[in-house]
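Next comes coords_39.txt, a file with compact mmCIF, C-alpha atoms and all ligand atoms.
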```
# COMPACT_ATOMS: atom_id res chain seq x y z
CA GLY A 1 -37.32 -12.17 12.91
CA MET A 2 -36.19 -11.40 9.39
CA LYS A 3 -36.25 -7.67 9.93
CA ALA A 4 -33.87 -7.77 12.87
CA ALA A 5 -31.54 -10.13 11.02
CA GLY A 6 -31.47 -7.72 8.10
CA ILE A 7 -30.67 -4.80 10.33
CA PHE A 8 -27.85 -6.67 12.03
CA ALA A 9 -26.45 -7.71 8.67
CA LEU A 10 -26.54 -4.08 7.57
CA ILE A 11 -24.79 -2.91 10.73
CA GLY A 12 -22.21 -5.64 10.25
CA CYS A 13 -21.45 -4.35 6.76
CA LEU A 14 -21.13 -0.76 7.91
CA VAL A 15 -18.79 -1.72 10.73
CA THR A 16 -16.47 -3.82 8.57
CA SER A 17 -16.34 -1.23 5.81
CA THR A 18 -15.11 1.45 8.18
CA GLU A 19 -12.59 -0.91 9.78
CA SER A 20 -10.61 -1.69 6.67
CA LYS A 21 -10.88 -1.70 2.96
CA LEU A 22 -9.77 -4.23 0.45
CA TYR A 23 -9.50 -2.64 -2.93
CA THR A 24 -10.06 -4.82 -5.96
CA ARG A 25 -7.17 -5.30 -8.33
CA CYS A 26 -8.76 -3.22 -11.07
CA LYS A 27 -9.85 -0.41 -8.76
CA LEU A 28 -6.27 -0.16 -7.57
CA ALA A 29 -4.99 -0.25 -11.13
CA GLN A 30 -7.21 2.74 -11.84
CA ILE A 31 -6.12 4.68 -8.77
CA PHE A 32 -2.46 3.92 -9.44
CA ALA A 33 -2.71 4.93 -13.09
CA ARG A 34 -4.41 8.22 -12.22
CA ALA A 35 -1.73 8.94 -9.64
CA GLY A 36 0.96 8.52 -12.28
CA LEU A 37 2.46 5.27 -11.06
CA ASP A 38 2.42 3.57 -14.47
CA ASN A 39 6.06 3.63 -15.53
CA TYR A 40 6.98 5.82 -12.60
CA ALA A 41 10.78 5.56 -12.33
CA GLY A 42 10.51 2.96 -15.07
CA PHE A 43 8.19 0.58 -13.19
CA SER A 44 5.09 -0.49 -15.08
CA LEU A 45 1.65 -0.56 -13.49
CA GLY A 46 1.95 -4.35 -13.10
CA ASN A 47 4.89 -3.87 -10.75
CA TRP A 48 2.85 -1.67 -8.43
CA ILE A 49 -0.22 -3.89 -8.39
CA CYS A 50 1.88 -7.03 -7.87
CA MET A 51 3.86 -5.34 -5.10
CA ALA A 52 0.73 -4.12 -3.27
CA TYR A 53 -0.75 -7.61 -3.49
CA TYR A 54 2.23 -9.34 -1.93
CA GLU A 55 2.86 -6.61 0.64
CA SER A 56 -0.68 -6.08 1.97
CA GLY A 57 -3.18 -8.16 0.01
CA TYR A 58 -4.60 -4.76 -1.09
CA ASN A 59 -5.57 -4.06 2.52
CA THR A 60 -5.40 -0.31 3.15
CA THR A 61 -5.26 -0.76 6.93
CA ALA A 62 -2.69 -3.55 7.09
CA GLU A 63 -0.23 -3.04 9.94
CA THR A 64 2.69 -5.32 10.74
CA ILE A 65 4.81 -4.96 13.86
CA LEU A 66 8.42 -5.95 13.19
CA GLU A 67 10.95 -7.42 15.59
CA ASP A 68 12.76 -4.11 16.02
CA GLY A 69 9.51 -2.50 17.20
CA SER A 70 8.93 -0.50 14.03
CA ILE A 71 5.69 -0.91 12.12
CA ASP A 72 4.89 -1.43 8.44
CA TYR A 73 1.83 0.57 7.41
CA GLY A 74 -0.84 0.23 4.79
CA ILE A 75 -1.18 -1.00 1.27
CA PHE A 76 2.55 -0.61 0.54
CA GLN A 77 3.67 -1.65 4.05
CA ILE A 78 5.74 1.48 4.55
CA ASN A 79 7.99 1.34 7.61
CA SER A 80 7.78 3.79 10.48
CA TYR A 81 11.50 3.75 11.26
CA THR A 82 12.55 5.71 8.18
CA TRP A 83 9.54 6.91 6.27
CA CYS A 84 6.69 8.17 8.45
CA ARG A 85 6.07 9.68 11.88
CA TYR A 86 4.43 7.60 14.57
CA ALA A 87 5.80 9.45 17.60
CA LYS A 88 6.35 13.12 18.30
CA LEU A 89 10.11 13.15 18.57
CA GLN A 90 11.16 11.25 15.53
CA GLU A 91 13.86 12.42 13.22
CA LYS A 92 13.73 10.47 10.01
CA ASN A 93 10.19 10.64 8.66
CA HIS A 94 11.47 11.02 5.11
CA CYS A 95 7.95 11.20 3.70
CA HIS A 96 6.95 14.03 6.06
CA VAL A 97 3.73 12.28 6.89
CA ALA A 98 2.02 10.72 9.90
CA CYS A 99 2.04 6.94 9.69
CA SER A 100 -1.70 7.04 10.38
CA ALA A 101 -2.18 8.80 7.03
CA LEU A 102 -0.81 5.68 5.33
CA VAL A 103 -3.62 3.43 6.56
CA THR A 104 -6.67 5.15 5.09
CA ASP A 105 -8.73 4.39 2.02
CA ASP A 106 -7.47 7.61 0.48
CA LEU A 107 -4.20 6.40 -1.00
CA THR A 108 -2.82 9.84 -1.88
CA ASP A 109 -0.23 10.03 0.90
CA ALA A 110 0.79 6.39 0.56
CA ILE A 111 1.40 6.86 -3.15
CA ILE A 112 3.42 10.05 -2.65
CA CYS A 113 5.52 8.22 -0.07
CA ALA A 114 5.99 5.15 -2.27
CA LYS A 115 7.24 7.39 -5.07
CA LYS A 116 9.73 8.91 -2.67
CA ILE A 117 10.94 5.48 -1.56
CA VAL A 118 11.51 4.45 -5.18
CA LYS A 119 13.49 7.62 -5.84
CA GLU A 120 15.55 7.55 -2.65
CA THR A 121 16.32 3.85 -2.66
CA GLN A 122 16.68 3.69 -6.44
CA GLY A 123 14.14 1.05 -7.30
CA MET A 124 11.61 -1.27 -5.73
CA ASN A 125 14.01 -3.47 -3.79
CA TYR A 126 12.63 -1.90 -0.61
CA TRP A 127 9.66 -4.25 -0.98
CA GLN A 128 10.57 -7.87 -0.21
CA GLY A 129 7.24 -9.06 -1.57
CA TRP A 130 8.05 -7.43 -4.88
CA LYS A 131 11.59 -8.84 -4.98
CA LYS A 132 10.38 -12.32 -4.23
CA HIS A 133 7.30 -12.52 -6.44
CA CYS A 134 7.28 -9.72 -9.01
CA GLU A 135 10.79 -8.68 -10.01
CA GLY A 136 11.76 -9.73 -13.51
CA LYS A 137 8.41 -11.42 -14.23
CA ASP A 138 5.93 -10.70 -17.00
CA LEU A 139 3.52 -8.55 -15.02
CA SER A 140 1.03 -7.65 -17.73
CA GLU A 141 -1.49 -10.09 -16.23
CA TRP A 142 -1.89 -7.86 -13.20
CA LYS A 143 -3.78 -5.21 -15.13
CA LYS A 144 -5.55 -7.63 -17.41
CA GLY A 145 -9.28 -6.90 -17.76
CA CYS A 146 -8.92 -3.54 -16.06
CA ASP A 147 -10.02 -0.31 -17.66
CA VAL A 148 -6.64 1.42 -17.59
C1 LIG B 201 -6.63 -5.59 7.09
O1 LIG B 201 -5.59 -5.44 8.02
C2 LIG B 201 -6.03 -5.20 9.34
C3 LIG B 201 -4.80 -4.90 10.19
O2 LIG B 201 -3.81 -5.90 10.07
C4 LIG B 201 -6.80 -6.39 9.83
O3 LIG B 201 -7.24 -6.18 11.14
C5 LIG B 201 -7.98 -6.60 8.91
O4 LIG B 201 -8.68 -7.76 9.30
C6 LIG B 201 -7.53 -6.74 7.47
N1 LIG B 201 -8.70 -6.74 6.62
C7 LIG B 201 -8.98 -7.75 5.81
C8 LIG B 201 -10.26 -7.61 5.06
O5 LIG B 201 -8.24 -8.71 5.66
```
Is it possible to give me this structure as structure tokens?
Amino acid sequence: GMKAAGIFALIGCLVTSTESKLYTRCKLAQIFARAGLDNYAGFSLGNWICMAYYESGYNTTAETILEDGSIDYGIFQINSYTWCRYAKLQEKNHCHVACSALVTDDLTDAIICAKKIVKETQGMNYWQGWKKHCEGKDLSEWKKGCDV
């Protein structure tokens, strides 16, 4: 009866919450600000929130397989070919991190890697979602209402 339904609903919640996490816009704003992304390399917080939205929909476990066989990982959709390690014998891995570390709710490694991408590629052009939807726009709305 009701009891069983409640228990199944509870189990359902537990299962989905371990599968993937969607951060809210403001929670991300907070995490990004604490990690020093606001104005990192000259890019305001709005740029980072906007970019994460168009790259992953704030989904920490988002994975996209590309035509060349490489995979984009996590909230910033960081690519395995250059930036992380998905196989043992892989040379590039510029972020010195396992790709699997980029698809967890702890965003520490993803943020460190994103900072490196911005430095090494000189800007945020790496992210197509950012180029298409965020670049050159007034991005102050993205942190509106957030406690940052
Ligand atoms: C997040 O991405 C994963 C992998 O692409 C997907 O399986 C999952 O359904 C997504 N989560 C949400 C809440 O959209």
Counting all atoms listed in the file, name the residues that have an atom within 8 Å of an atom of ligand LIG 201 (chain B); the answer should be given as a PDB file with C-alpha atoms, in the frame of the given file.
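Output file out.pdb is given in full below:
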```
ATOM      1  CA  GLU A  19     -12.590  -0.910   9.780  1.00  0.00           C
ATOM      2  CA  SER A  20     -10.610  -1.690   6.670  1.00  0.00           C
ATOM      3  CA  LYS A  21     -10.880  -1.700   2.960  1.00  0.00           C
ATOM      4  CA  LEU A  22      -9.770  -4.230   0.450  1.00  0.00           C
ATOM      5  CA  SER A  56      -0.680  -6.080   1.970  1.00  0.00           C
ATOM      6  CA  GLY A  57      -3.180  -8.160   0.010  1.00  0.00           C
ATOM      7  CA  ASN A  59      -5.570  -4.060   2.520  1.00  0.00           C
ATOM      8  CA  THR A  60      -5.400  -0.310   3.150  1.00  0.00           C
ATOM      9  CA  THR A  61      -5.260  -0.760   6.930  1.00  0.00           C
ATOM     10  CA  ALA A  62      -2.690  -3.550   7.090  1.00  0.00           C
ATOM     11  CA  GLU A  63      -0.230  -3.040   9.940  1.00  0.00           C
ATOM     12  CA  THR A  64       2.690  -5.320  10.740  1.00  0.00           C
TER      13      THR A  64
END
```
Practice item. For Glu55 (chain A), list every protein, DNA or RNA residue within 10 Å, evaluated using all atoms listed in the file, and leave out those in the same chain fewer than 2 positions away; present the list as a list in words. Key: Ile49, Cys50, Met51, Ala52, Tyr53, Gly57, Tyr58, Asn59, Ala62, Asp72, Tyr73, Gly74, Ile75, Phe76, Gln77, Ile78, Trp127, Gln128, Gly129 and Trp130 of chain A
Revision key, fill the gap. What separates CA of Met124 (chain A) and CA of Phe43 (chain A) is a distance of 8.4 Å
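Nearest-residue note for Lys27 (chain A): choosing from A:Lys143, A:Lys131, A:Lys88, A:Lys137, the minimum distance belongs to A:Lys143, counting only C-alpha atoms.
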Check your understanding: If you measure from CA of Ala87 (chain A) to CA of Asp68 (chain A), what distance in Å do you get, rounded to one decimal?
Key -> 15.3 Å
